[in-house]
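See below for protein-v7.cif, which holds mmCIF, C-alpha atoms.
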```
data_structure
#
loop_
_atom_site.label_atom_id
_atom_site.label_comp_id
_atom_site.auth_asym_id
_atom_site.auth_seq_id
_atom_site.Cartn_x
_atom_site.Cartn_y
_atom_site.Cartn_z
CA MET A 4 -40.32 3.81 18.63
CA ARG A 5 -40.40 3.23 14.89
CA LEU A 6 -36.93 4.79 14.64
CA SER A 7 -35.61 2.37 17.29
CA ARG A 8 -37.03 -0.57 15.34
CA LEU A 9 -35.38 0.83 12.20
CA VAL A 10 -31.99 1.02 13.94
CA ARG A 11 -32.34 -2.58 15.18
CA GLY A 12 -33.39 -3.70 11.72
CA THR A 13 -30.36 -2.06 10.18
CA ARG A 14 -28.08 -3.89 12.63
CA TYR A 15 -29.67 -7.21 11.72
CA ALA A 16 -29.25 -6.47 8.01
CA VAL A 17 -25.55 -5.64 8.39
CA LEU A 18 -25.02 -8.81 10.45
CA SER A 19 -26.78 -10.91 7.83
CA VAL A 20 -24.66 -9.50 5.01
CA SER A 21 -21.46 -10.12 7.00
CA LEU A 22 -22.44 -13.72 7.74
CA GLY A 23 -23.33 -14.25 4.10
CA SER A 24 -19.90 -13.02 3.04
CA LEU A 25 -18.19 -15.38 5.48
CA VAL A 26 -20.22 -18.33 4.21
CA ALA A 27 -19.35 -17.45 0.60
CA CYS A 28 -15.63 -17.34 1.40
CA ALA A 29 -15.80 -20.64 3.32
CA GLY A 30 -17.71 -22.44 0.57
CA PRO A 31 -16.35 -24.85 -2.08
CA ALA A 32 -13.00 -23.94 -3.63
CA HIS A 33 -13.39 -21.71 -6.65
CA ASP A 34 -11.62 -18.77 -8.25
CA LEU A 35 -12.79 -15.46 -6.84
CA GLU A 36 -13.02 -12.43 -9.08
CA LEU A 37 -9.99 -10.22 -8.42
CA LEU A 38 -10.44 -6.55 -7.74
CA GLN A 39 -8.87 -4.35 -10.42
CA GLY A 40 -7.55 -1.02 -9.20
CA PRO A 41 -5.92 1.85 -11.10
CA ALA A 42 -3.74 1.03 -14.08
CA ILE A 43 -0.02 0.35 -13.73
CA ALA A 44 2.12 3.38 -14.52
CA ASP A 45 5.78 4.34 -14.47
CA ILE A 46 6.95 6.36 -11.51
CA VAL A 47 7.33 10.05 -12.28
CA THR A 48 8.51 12.65 -9.76
CA PRO A 49 8.99 16.43 -9.86
CA PHE A 50 12.77 15.87 -10.22
CA ASP A 51 12.68 13.78 -13.40
CA ASP A 52 13.08 16.76 -15.74
CA ALA A 53 16.19 18.02 -13.93
CA LEU A 54 17.77 14.55 -14.06
CA VAL A 55 16.98 14.05 -17.76
CA CYS A 56 18.42 17.52 -18.43
CA MET A 57 21.82 16.29 -17.18
CA GLU A 58 22.16 13.82 -20.06
CA GLY A 59 25.18 14.55 -22.22
CA ARG A 60 26.75 16.97 -19.72
CA ILE A 61 28.94 14.33 -18.07
CA ASP A 62 31.71 12.56 -19.95
CA SER A 63 30.39 9.14 -21.01
CA ARG A 64 33.83 7.66 -20.36
CA LEU A 65 33.20 8.17 -16.64
CA ALA A 66 31.27 5.26 -15.13
CA PHE A 67 29.13 5.41 -11.99
CA GLY A 68 28.01 2.69 -9.61
CA VAL A 69 25.87 2.49 -6.48
CA GLY A 70 27.10 0.83 -3.32
CA GLY A 71 25.29 0.26 -0.06
CA ILE A 72 22.60 2.71 1.03
CA PRO A 73 21.09 0.89 4.01
CA ASP A 74 18.24 1.82 6.31
CA GLN A 75 19.93 2.65 9.60
CA THR A 76 16.93 4.17 11.34
CA GLY A 77 16.21 1.00 13.30
CA ARG A 78 12.48 1.67 13.03
CA ASP A 79 9.92 -1.12 12.55
CA GLN A 80 6.16 -0.92 12.15
CA ASN A 81 3.53 -3.43 13.20
CA SER A 82 0.43 -4.21 11.21
CA GLY A 83 -2.16 -6.93 11.02
CA GLU A 84 0.08 -8.73 8.53
CA GLY A 85 3.20 -8.73 10.69
CA THR A 86 6.25 -6.59 11.43
CA ALA A 87 8.14 -4.73 8.70
CA ARG A 88 10.74 -2.01 8.37
CA PHE A 89 9.29 1.49 8.22
CA VAL A 90 11.77 2.69 5.57
CA THR A 91 12.37 1.16 2.13
CA GLN A 92 15.24 -1.30 1.84
CA GLY A 93 15.69 -0.51 -1.87
CA ALA A 94 17.30 2.94 -1.70
CA GLY A 95 20.30 1.80 -3.74
CA ASP A 96 18.11 0.65 -6.62
CA ILE A 97 16.27 4.00 -6.61
CA VAL A 98 19.59 5.88 -6.87
CA GLN A 99 20.70 3.58 -9.69
CA SER A 100 17.48 4.40 -11.58
CA ALA A 101 18.14 8.10 -11.02
CA LEU A 102 21.64 7.78 -12.48
CA PHE A 103 20.26 5.95 -15.50
CA LYS A 104 17.66 8.69 -15.98
CA ALA A 105 20.46 11.28 -15.88
CA GLY A 106 22.02 9.56 -18.89
CA VAL A 107 25.39 8.76 -17.29
CA THR A 108 27.24 5.49 -17.79
CA VAL A 109 25.98 3.17 -15.03
CA ILE A 110 27.91 0.09 -13.91
CA ASN A 111 25.92 -2.52 -12.00
CA ARG A 112 27.36 -2.92 -8.53
CA ARG A 113 24.05 -3.81 -6.91
CA ASP A 114 24.28 -7.56 -7.65
CA MET A 115 27.40 -9.18 -9.08
CA GLY A 116 26.28 -12.70 -8.18
CA ALA A 117 25.69 -13.93 -11.74
CA ALA A 118 29.01 -12.56 -13.05
CA ALA A 119 30.94 -13.98 -10.08
CA MET A 120 29.32 -17.39 -10.52
CA GLU A 121 30.14 -17.51 -14.24
CA ALA A 122 33.72 -16.52 -13.43
CA GLN A 123 33.96 -19.41 -10.97
CA TRP A 124 32.69 -21.76 -13.70
CA GLY A 125 35.32 -20.46 -16.11
CA LEU A 126 32.70 -18.92 -18.41
CA ARG A 127 33.72 -15.30 -17.88
CA ASP A 128 36.87 -13.28 -17.29
CA LEU A 129 36.10 -10.60 -14.71
CA SER A 130 39.06 -8.54 -15.91
CA ASN A 131 36.85 -7.60 -18.87
CA GLN A 132 34.37 -5.93 -16.52
CA ARG A 133 34.30 -2.18 -16.87
CA PRO A 134 35.43 -0.38 -13.70
CA ALA A 135 33.25 2.17 -11.94
CA HIS A 136 35.14 5.43 -11.53
CA PHE A 137 32.70 6.85 -8.97
CA VAL A 138 30.36 5.13 -6.52
CA ILE A 139 27.48 6.54 -4.48
CA THR A 140 27.08 5.32 -0.92
CA GLY A 141 25.29 6.53 2.18
CA SER A 142 22.37 5.73 4.43
CA ILE A 143 18.89 6.71 5.52
CA ASN A 144 19.82 7.38 9.11
CA SER A 145 17.12 9.30 10.97
CA LEU A 146 13.39 8.87 11.41
CA ASP A 147 11.77 11.01 14.08
CA PHE A 148 8.08 11.11 14.96
CA ILE A 149 7.31 14.74 15.78
CA PRO A 150 4.52 15.19 18.34
CA GLY A 151 1.46 16.70 16.73
CA GLY A 152 -1.70 18.30 18.02
CA GLY A 153 -5.43 18.17 17.63
CA ALA A 154 -8.77 19.39 18.88
CA PHE A 155 -12.30 18.11 19.47
CA VAL A 156 -15.32 20.32 20.08
CA SER A 157 -18.77 18.99 20.98
CA VAL A 158 -21.93 21.03 21.43
CA GLY A 159 -25.06 19.08 22.19
CA GLY A 160 -23.37 15.84 21.20
CA VAL A 161 -22.27 17.18 17.79
CA GLY A 162 -18.79 18.41 16.92
CA PRO A 163 -15.76 18.19 14.63
CA ARG A 164 -12.38 16.68 15.45
CA TYR A 165 -8.95 17.24 13.92
CA ARG A 166 -5.44 15.91 14.57
CA GLN A 167 -2.11 16.19 12.77
CA ASN A 168 1.41 14.80 13.14
CA ARG A 169 4.66 14.69 11.21
CA ILE A 170 7.59 12.37 10.53
CA LEU A 171 11.09 13.78 9.97
CA VAL A 172 13.31 11.70 7.66
CA GLY A 173 17.02 12.33 7.12
CA MET A 174 19.69 10.84 4.86
CA ASP A 175 23.33 11.34 3.86
CA LEU A 176 24.80 10.39 0.48
CA ALA A 177 28.35 10.72 -0.82
CA MET A 178 30.13 10.34 -4.17
CA THR A 179 33.52 8.64 -3.85
CA ASN A 180 36.36 8.44 -6.36
CA ASN A 181 37.09 4.71 -6.47
CA ALA A 182 40.70 5.21 -7.60
CA THR A 183 41.68 7.41 -4.65
CA GLY A 184 38.93 6.88 -2.08
CA GLN A 185 38.35 10.64 -1.95
CA VAL A 186 34.82 11.89 -1.30
CA VAL A 187 34.24 14.36 -4.14
CA ALA A 188 30.61 15.28 -3.37
CA ASN A 189 28.35 14.99 -0.36
CA ILE A 190 24.81 15.96 0.60
CA ALA A 191 22.58 15.62 3.67
CA LEU A 192 18.82 15.99 3.16
CA ARG A 193 15.77 16.04 5.40
CA LYS A 194 12.03 16.01 4.80
CA GLN A 195 8.97 16.38 7.00
CA ILE A 196 6.18 13.98 6.03
CA PHE A 197 2.79 15.38 6.96
CA ALA A 198 -0.30 13.47 8.10
CA ASP A 199 -3.65 14.56 9.49
CA GLU A 200 -7.07 13.19 10.49
CA PHE A 201 -10.44 14.90 10.51
CA GLY A 202 -14.03 13.93 11.16
CA LEU A 203 -17.41 14.69 12.67
CA MET A 204 -18.97 13.03 15.74
CA VAL A 205 -22.73 12.93 16.37
CA ALA A 206 -24.35 11.38 19.47
CA ARG A 207 -28.10 11.28 20.01
CA PHE A 208 -30.64 9.60 22.28
CA MET A 209 -33.39 7.89 20.35
CA ASP A 210 -35.97 6.78 22.89
CA ASP A 211 -33.89 4.67 25.28
CA THR A 212 -31.10 3.97 22.76
CA VAL A 213 -27.89 5.99 22.26
CA VAL A 214 -26.92 6.33 18.60
CA ASP A 215 -23.33 7.37 17.85
CA VAL A 216 -22.24 8.35 14.34
CA ASP A 217 -18.58 9.09 13.63
CA PHE A 218 -17.25 9.67 10.15
CA GLY A 219 -14.14 11.29 8.72
CA GLY A 220 -10.91 10.63 6.90
CA SER A 221 -7.15 10.81 7.08
CA ARG A 222 -4.34 11.88 4.81
CA ARG A 223 -0.61 11.17 4.79
CA GLU A 224 2.14 11.66 2.29
CA ALA A 225 3.36 8.40 0.80
CA VAL A 226 6.53 7.74 2.81
CA HIS A 227 8.40 5.74 0.18
CA TYR A 228 7.42 8.09 -2.65
CA ALA A 229 8.79 10.96 -0.57
CA LEU A 230 12.01 8.98 -0.01
CA ARG A 231 12.30 8.38 -3.75
CA GLN A 232 12.09 12.12 -4.35
CA MET A 233 14.77 12.75 -1.71
CA LEU A 234 17.07 10.17 -3.31
CA GLN A 235 16.53 11.63 -6.78
CA LEU A 236 17.28 15.16 -5.60
CA ALA A 237 20.36 13.89 -3.76
CA THR A 238 21.59 12.10 -6.91
CA PHE A 239 21.16 15.28 -8.97
CA GLU A 240 23.04 17.25 -6.32
CA LEU A 241 25.98 14.81 -6.23
CA LEU A 242 26.36 14.91 -10.02
CA ALA A 243 26.06 18.70 -10.12
CA GLN A 244 28.64 19.28 -7.37
CA MET A 245 31.24 17.66 -9.66
CA MET A 246 30.56 20.17 -12.46
CA PRO A 247 31.08 23.91 -12.93
CA PRO A 248 27.81 25.76 -12.15
CA GLU A 249 27.57 27.18 -15.66
CA ARG A 250 27.14 23.65 -16.95
CA TYR A 251 24.15 22.62 -14.83
CA ARG A 252 22.41 25.92 -13.97
CA ASP A 253 19.56 25.51 -16.48
CA CYS A 254 18.90 21.97 -15.19
CA ARG A 255 18.84 23.17 -11.58
CA GLU A 256 16.32 25.85 -12.49
CA MET A 257 13.90 23.08 -13.49
CA ILE A 258 13.55 22.09 -9.82
CA ASP A 259 10.50 23.67 -8.22
CA ALA A 260 11.59 25.18 -4.90
CA ARG A 261 8.22 24.14 -3.43
CA MET A 262 9.19 20.50 -3.97
CA GLY A 263 12.81 20.71 -2.88
CA SER A 264 15.72 23.11 -2.58
CA ILE A 265 19.39 22.93 -1.60
CA GLU A 266 20.92 26.21 -0.48
CA GLY A 267 23.49 25.33 2.22
CA ASP A 268 27.26 25.77 2.25
CA ARG A 269 29.43 23.36 0.25
CA THR A 270 26.47 22.58 -2.05
CA THR A 271 25.30 23.72 -5.47
CA GLY A 272 23.44 26.48 -3.64
CA GLU A 273 26.74 28.02 -2.62
CA GLN A 274 28.13 27.48 -6.13
CA MET A 275 25.16 29.29 -7.66
CA ARG A 276 25.52 32.22 -5.26
CA GLU A 277 29.20 32.52 -6.18
CA LEU A 278 28.35 32.36 -9.89
CA ASP A 279 25.72 35.10 -9.51
CA ARG A 280 28.22 37.26 -7.62
CA ARG A 281 30.86 36.88 -10.36
CA GLU A 282 28.33 37.70 -13.06
CA GLU A 283 27.19 40.82 -11.18
CA GLU A 284 30.80 41.99 -10.78
CA LEU A 285 31.47 41.37 -14.47
CA SER A 286 28.33 43.23 -15.48
CA ALA A 287 29.25 46.19 -13.25
CA ALA A 288 32.77 46.28 -14.71
CA GLU A 289 31.41 46.26 -18.25
CA GLU A 290 29.00 49.09 -17.43
CA GLY A 291 31.82 51.08 -15.83
CA ALA A 292 33.99 50.64 -18.92
CA ALA A 293 31.14 51.68 -21.21
CA GLU A 294 30.53 55.03 -19.46
CA PRO A 295 33.85 56.74 -20.44
CA GLU A 296 33.39 55.57 -24.00
CA ALA A 297 29.93 57.11 -24.07
CA ARG A 298 31.27 60.44 -22.74
CA ASP A 299 34.12 60.46 -25.28
CA GLY A 300 31.66 59.77 -28.05
#
```

Here is the file; what I need is its structure written in the form of C-alpha cells.
Amino acid sequence: MRLSRLVRGTRYAVLSVSLGSLVACAGPAHDLELLQGPAIADIVTPFDDALVCMEGRIDSRLAFGVGGIPDQTGRDQNSGEGTARFVTQGAGDIVQSALFKAGVTVINRRDMGAAAMEAQWGLRDLSNQRPAHFVITGSINSLDFIPGGGAFVSVGGVGPRYRQNRILVGMDLAMTNNATGQVVANIALRKQIFADEFGLMVARFMDDTVVDVDFGGSRREAVHYALRQMLQLATFELLAQMMPPERYRDCREMIDARMGSIEGDRTTGEQMRELDRREEELSAAEEGAAEPEARDG
C-alpha cells in the first residue's frame, strides 16, 4: 500500500513540475537562457587525407566547376515541425568543397547571380571570367528502405526488445569535358545506412495497480554525414580516373577499405589491378633476365 501511495505521489510530482514549466514559459516576456551544446567544429571525414593528397598532382591550369547534383529520390519525411526532403539539397556545395580540399583550381558555377547582375549594370565584363574546363554533375537518385527485423522476449513480465533496419542510398556522378561534352569519368556509389533500437520492458502488479517500465535507446548513422562521405569519395574517384594510376596510387592507399572502396570495372579499382599486373610481369621478366647472368658469373 505504501508503494502504491509512492507511485501516485511520483505522478503528482511530475505533473506539478510540468505545469510549473508551462507557467514559466507563459509568463512575462523575458530572455530565456539558451542551451549550449558541443562546440562548433569543422567537418572532417575519413576521406579528407586522400583528397588533400591530390593537391599538386593535377595541372593548375585546368579549372573545375560543379553543376547540378539534385535530389531525385522523391522522398519526403514528416516531423512535428513540418515536411522536409529526406536527402540534402546541398550536394553540389559538398562536391565543390571536396574539389577545393583536393587543391585543384575551382571555378564557381554554383551561383553566378552577382556576376550576371553586375554585367547587366555594366560594371563587369563576363568575357574576363575564367572558363571551367571540366564540370561535375549527377544526382542522388535512389533511397530504399530495406525491411528490418526484431525480437521481443518476455518472461514474467520482464524482457528485452531489439529491432534494426537499413536505408540504401545511391548516387551517380560524372565529369564532363566542357569543350567537347565528352564524359571523361563516371562513378556510381551506394551505401547502406544502419539503424537499430534496443530496450528492456518490465511490467509488475503492485497491489491493484499495474506498473510498466520501458527504457532503451536507438542508434542511426547520420544520413547527411554519410552522404557527404559518399560525395567526397566520388569526387576523389572522378579526379583519379583522369590520371595514370602511378600518379594517385599513394593517395588511394590512404582510404580505409572499411570506410569505402571502389573495385568495379571502368574505375580506379580496375586501373590498380592492371597496374599491379604490369608490375608483376615486369618483376618476373627482370628475375628471368637475372638468372642467366648469375649462372654465367

Result set of the PyMOL selection byres ((chain A and resi 88-100) around 10) on the coordinates above, as a count of residues only: 48

CA of Ala53 in chain A to CA of Ala188 in chain A, straight-line distance in Å: 18.1 Å

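Using all atoms listed in the file, the smallest distance between any of A:Ala243, A:Met262, A:Glu284, A:Gln167 and Lys194 in chain A comes from A:Met262.
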
d(CA of Glu58 in chain A, CA of Phe137 in chain A) in Å: 16.8 Å

Protein/DNA/RNA residues near (-7.4, 22.0, 14.8), cut 8 Å, only C-alpha atoms, as a VMD selection string: chain A and resid 152 to 155 164 to 166

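Of note, CA of Leu241 in chain A and CA of Ala177 in chain A are spaced 7.2 Å apart.
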
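Shown here are all protein and nucleic acid residues lying within 12 Å of (-20.4, 17.2, 22.2), with all atoms listed in the file considered: Phe155, Val156, Ser157, Val158, Gly159, Gly160, Val161, Gly162, Pro163, Arg164, Leu203, Met204, Val205, Ala206, Arg207, Asp215, Val216 and Asp217 of chain A.
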
Given the PyMOL selection byres ((chain A and resi 265) around 12), the residues it picks as a VMD selection string: chain A and resid 190 to 194 233 236 to 237 239 to 241 243 to 244 255 to 256 258 to 264 266 to 276

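Minimum atom-to-atom distances from A:Arg60, A:Gly173, A:Trp124, A:Asp114 to Pro248 in chain A were compared using all atoms listed in the file, and the lowest value belongs to A:Arg60.
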
Which residues are near Ser130 in chain A? Cut-off 12 Å, all atoms listed in the file, ignore same chain within fewer than 4 positions. Put them as a tab-separated table (two decimals) with C-alpha atoms, in the frame of the given file.
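Saved to around17.tsv:
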```tsv
chain	number	residue	atom	x	y	z
A	118	ALA	CA	29.01	-12.56	-13.05
A	119	ALA	CA	30.94	-13.98	-10.08
A	122	ALA	CA	33.72	-16.52	-13.43
A	134	PRO	CA	35.43	-0.38	-13.70
```

Please rebuild range 172-187 of chain A with N, CA and C atoms and return the result as a short mmCIF file (atom, residue, chain, number, x, y, z; two decimals), in the coordinates of the input.
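Below you can see part_19.cif, which holds the result:
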```
data_model
loop_
_atom_site.label_atom_id
_atom_site.label_comp_id
_atom_site.auth_asym_id
_atom_site.auth_seq_id
_atom_site.Cartn_x
_atom_site.Cartn_y
_atom_site.Cartn_z
N VAL A 172 12.39 12.68 8.23
CA VAL A 172 13.31 11.70 7.66
C VAL A 172 14.60 12.40 7.24
N GLY A 173 15.73 11.77 7.51
CA GLY A 173 17.02 12.33 7.12
C GLY A 173 17.91 11.30 6.47
N MET A 174 18.77 11.75 5.54
CA MET A 174 19.69 10.84 4.86
C MET A 174 20.97 11.58 4.50
N ASP A 175 22.05 10.82 4.32
CA ASP A 175 23.33 11.34 3.86
C ASP A 175 23.82 10.47 2.72
N LEU A 176 24.22 11.11 1.61
CA LEU A 176 24.80 10.39 0.48
C LEU A 176 26.12 11.05 0.10
N ALA A 177 27.04 10.23 -0.42
CA ALA A 177 28.35 10.72 -0.82
C ALA A 177 28.77 10.08 -2.14
N MET A 178 29.54 10.84 -2.94
CA MET A 178 30.13 10.34 -4.17
C MET A 178 31.62 10.18 -3.92
N THR A 179 32.12 8.96 -4.14
CA THR A 179 33.52 8.64 -3.85
C THR A 179 34.26 8.29 -5.13
N ASN A 180 35.47 8.82 -5.27
CA ASN A 180 36.36 8.44 -6.36
C ASN A 180 36.96 7.09 -6.02
N ASN A 181 36.64 6.07 -6.78
CA ASN A 181 37.09 4.71 -6.47
C ASN A 181 38.61 4.57 -6.54
N ALA A 182 39.25 5.35 -7.41
CA ALA A 182 40.70 5.21 -7.60
C ALA A 182 41.47 5.72 -6.39
N THR A 183 40.96 6.78 -5.75
CA THR A 183 41.68 7.41 -4.65
C THR A 183 40.98 7.26 -3.31
N GLY A 184 39.69 6.93 -3.31
CA GLY A 184 38.93 6.88 -2.08
C GLY A 184 38.47 8.24 -1.60
N GLN A 185 38.72 9.29 -2.36
CA GLN A 185 38.35 10.64 -1.95
C GLN A 185 36.86 10.88 -2.16
N VAL A 186 36.20 11.48 -1.17
CA VAL A 186 34.82 11.89 -1.30
C VAL A 186 34.81 13.20 -2.08
N VAL A 187 34.21 13.19 -3.27
CA VAL A 187 34.24 14.36 -4.14
C VAL A 187 32.93 15.15 -4.09
#
```
